[in-house]
Amino acid sequence: MSIVISDETLQTLQMSESELLAEIAILLFQQDRFTLGQASRFARMNQLQFQRLLASRQISLHYDVAELREDVKSLAAKGWR
């Protein structure tokens with residue numbers, strides 16, 4: 001599914017595309033609909049950047065075993081040991 005947001009809408013919101021993606025990712029992360037990994041990918045950031053963004057807004061991480069497994073799987077796929 002694709003959603004098209006017009007430049008006019010972004011101008012009305014006074015946001016760039018990347019800012020809007022980050023806001024949506026933060027919202028879904030806070031609602032436990034996105035894991036940290038999913039939210040950072042949606043926001044087109046690496047996890048450290050996204051964690052810093054959350055910290056700048058005083059939003060705590062909720063990191064569980066499932067997310068740890070996801071991170072380990074992702075690192076293994078990239079050849080990390």
# chains A, B, ... in the order shown; residues from 1 in each chain; ligands from 1
$ closest_atom_pairs --of "region 20-58 of chain A" --to "region 62-75 of chain A" --cutoff "9 Å" --atoms "only C-alpha atoms" --output "JSON lines"
{"residue": "A:Phe29", "atom": "CA", "partner": "A:His62", "partner_atom": "CA", "distance": 9.0}
{"residue": "A:Gln30", "atom": "CA", "partner": "A:His62", "partner_atom": "CA", "distance": 8.9}
{"residue": "A:Asp32", "atom": "CA", "partner": "A:His62", "partner_atom": "CA", "distance": 8.5}
{"residue": "A:Thr35", "atom": "CA", "partner": "A:Glu67", "partner_atom": "CA", "distance": 6.6}
{"residue": "A:Leu36", "atom": "CA", "partner": "A:Glu67", "partner_atom": "CA", "distance": 7.4}
{"residue": "A:Gly37", "atom": "CA", "partner": "A:Asp71", "partner_atom": "CA", "distance": 7.4}
$ select_by_dssp --residues "chain A" --states "alpha helix (DSSP H)" --output "VMD selection string"
chain A and resid 7 to 13 17 to 30 36 to 42 47 to 56 65 to 77
$ atom_distance --atom1 "CA of Arg57 (chain A)" --atom2 "CA of Ser6 (chain A)"
27.1 Å
$ residues_around --residues "Ile24 (chain A)" --least-positions-apart "3" --cutoff "12 Å" --atoms "only C-alpha atoms" --output "ChimeraX atom specification"
/A:17-21,27-31,33-34,38-44
$ atom_distance --atom1 "CA of Gln49 (chain A)" --atom2 "CA of Lys78 (chain A)"
18.9 Å
$ atom_distance --atom1 "CA of Gln58 (chain A)" --atom2 "CA of Ala22 (chain A)"
15.0 Å
$ residues_around --residues "region 52-56 of chain A" --least-positions-apart "5" --cutoff "9 Å" --atoms "only C-alpha atoms" --output "list of chain:residue names"
A:Ala22, A:Ile26, A:Gln47, A:Leu61
